[in-house]
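First the structure, in the form of structure tokens, and then the observations on it.
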Amino acid sequence: MHNKSRISRRDALKMAGVGAAVAAFPFARPAISQGAPLRVGLLLPYSGTFAALGTAITNAMDLYVKQQGGKLAGRTIEWIKVDDESAPSKATELTNKLVEGEKVDVLIGTVHSGVAMAMAKIAREAGIPTLIPNAGANVLTRAQCAKNIFRTSFGNSQPGVAAGEAMIKAGIKTAVTYTWGYAAGEESVDGFKQSFLKGGGKIIKELRLPFPNVEFQAGLAEIASLKPEGVYSFFAGGGALKYMQDYAAAGLKSSIPLWGPGFLTDGVEKAAGAAGEGVKTASHYVESLDNAENKKFRADYNAAFKMFPDVYAVQGWDTTHLLDIGLKAAGGDVKKQDALFKAMREAKFNSPRGPFRLSAAQNPIHNFYLRELKGGQNVFLGVAATDVSDPTTGCSLA
Ligand code: PHB
């Protein structure tokens with residue numbers, strides 16, 4: 001990669017008709033080859049319903065690097081950002097733009113599972129070090145796992161399993177599910193069904209809406225007439241906010257408890273206002289976790305961005321932390337893939353979410369917490385499960 005930077009710089013100079021200038025300034029070369037910035041491609045949503053999620057991830061990554069003095073393992077970091085718009089149809093082209101076009105050294109993306117699956121296909125073939133800071137598509141750390149792909153967020157079914165168990169414990173015996181009908185929603189609901197059915201619960205109906213549609217009324221009317229004892233929903237970002245508002249406006253809030261993965265309330269805790277009061281979720285993060293990393297992270301993030309971090313920011317932070325660990329082991333050289341990947345695979349650190357390490361399929365093993373939205377905050381109700389690992393089914397690395 002150092003070579004490529006040098007060549008492209010030289011080519012650029014040649015194209016500009018200043019080839020002779022290279023010889024005239026011999027010190028320019030070592031500066032470029034040794035101190036060349038690490039080019040990190042960010043494929044994230046900066047527009048649409050997940051825009052705030054992409055921004056939170058980016059903010060936290062940038063904060064991490066700044067706190068290391070602007071360098072990771074001696075390399076300055078150059079972010080090359082592409083807005084993926086959470087549009088799976090554009091994912092192949094946009095990933096190629098970063099991998100082939102920009103020739104990034106490291107790829108980080110993304111939020112939407114459908115976009116991530118297209119991205120991962122290219123990443124696997126290219127063998128480029130890749131970190132997934134959110135998208136939970138199960139297959140990425142199951143049958144389609146790869147030695148160069150690391151996920152720092154969660155697997156989609158993980159919060160669903162934790163929420164299903166908690167709903168059973170809360171005495172809920174019948175449920176309707178309502179979700180966006182794409183990988184994240186389907187797999188979240190599958191996780192929920194696993195534990196809810198195992199606990200003797202009954203699913204009355206499974207409702208879906210195409211992503212990123214927010215016309216919730218028809219489904220809410222059906223919920224009102226079916227009268228389940230609880231509802232489990234996966235929506236996130238701007239869509240989740242509108243869902244909570246519509247759920248309350250439909251008069252369901254006081255009669256049918258709304259549950260979901262943490263994403264239902266993450267990042268929209270305050271905006272939800274009264275409509276969000278009492279929504280219960282299961283997540284790998286909760287604001288009030290009493291550990292040193294969380295306290296420092298929250299204070300630093302608030303100082304930098306005048307707002308408190310959510311789960312997406314935590315995932316961005318952990319992504320950069322994991323990359324930093326790998327880069328240090330590889331002396332800052334991503335070509336030393338054996339050292340880079342080994343250190344990342346074996347990394348163990350204290351995240352703001354609690355203890356963090358990776359499974360054999362390179363997906364987090366972490367705790368799950370139960371939360372209730374009260375007064376604009378996800379309030380800690382208890383630990384749902386510790387050291388939760390997603391099945392590594394079909395993963396050849398595992
Ligand atoms: C996903 O598409 O995997 C996804 C998107 C947003 C979330 C969680 C998962 O909040």
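Labels for the structure tokens follow display order: chains A, B, ..., residues from 1 in each chain, ligands from 1.
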Tell me, counting only C-alpha atoms, for each residue of segment 153-215 of chain A within 8 Å of segment 109-132 of chain A, which pair of atoms is nearest and how far apart they are in Å to one decimal, in rows ordered by chain and increasing number, as JSON lines.
{"residue": "A:Ser153", "atom": "CA", "partner": "A:Ile132", "partner_atom": "CA", "distance": 7.1}
{"residue": "A:Tyr182", "atom": "CA", "partner": "A:Gly114", "partner_atom": "CA", "distance": 7.5}
{"residue": "A:Ala183", "atom": "CA", "partner": "A:Ser113", "partner_atom": "CA", "distance": 6.2}
{"residue": "A:Ala184", "atom": "CA", "partner": "A:Ser113", "partner_atom": "CA", "distance": 6.0}
(request) Write out as a ChimeraX atom specification which residues come within 9 Å of segment 215-231 of chain A when counting only C-alpha atoms, dropping same-chain ones fewer than 5 positions away. (result) /A:167,171-178,203-205,207-209,242-243,246-247,250-252,255-260
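Counting only C-alpha atoms and comparing A:Ala236, A:Ala146, A:Leu53, A:Ile168, the residue that lies closest to Leu197 of chain A is A:Ile168.
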(request) Give me, please, the distance in Å between atom CA of Lys280 of chain A and atom CA of Tyr46 of chain A, quoted to one decimal. (result) 27.6 Å
(request) Based on DSSP run over this structure's backbone, return all residues of segment 48-215 of chain A in strand (DSSP E or B), as a ChimeraX atom specification. (result) /A:71-72,75-83,106-109,130-132,149-151,174-180,202-209
(request) Enumerate the residues of segment 89-172 of chain A with a DSSP assignment of helix (DSSP H, G or I), computed from the backbone, and present them as a VMD selection string. (result) chain A and resid 89 to 101 113 to 126 138 to 141 157 to 169
(request) For Leu63 of chain A, work out the shell of residues within 12 Å, counting only C-alpha atoms and skipping chain neighbours fewer than 4 positions away, then give it as an MDAnalysis selection string. (result) chainID A and resid 56:59 67:71 77 297:305 309 313:314 316:321
(message) Considering only C-alpha atoms and all ligand atoms, can you say which of A:Asn138, A:Ser47, A:Ser359, A:Gln377 comes closest to ligand 1?
(response) A:Asn138
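Picture a line from atom CA of Pro88 of chain A to atom CA of Ala51 of chain A; it runs 15.0 Å.
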(request) Select, from A:Val65, A:Val106, A:Ala91, A:Leu98, the residue with the minimum atom-to-atom distance to Gln337 of chain A, counting only C-alpha atoms. (result) A:Val106
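Distance check against Ala166 of chain A using only C-alpha atoms: of A:Pro261, A:Gly332, A:Pro364, A:Gly326, the minimum falls on A:Pro261.
Checking A:Asn378, A:Ser288, A:Thr179, A:Thr95 one by one against Ala240 of chain A, counting only C-alpha atoms, you find the shortest gap at A:Thr179.
When only C-alpha atoms and all ligand atoms are used to measure the gap to ligand 1, the shortest distance among A:Ser195, A:Asn134, A:Asn291, A:Gln315 belongs to A:Asn134.
Coordinates place atom CA of Val161 of chain A at a distance of 23.4 Å from atom CA of Phe50 of chain A.
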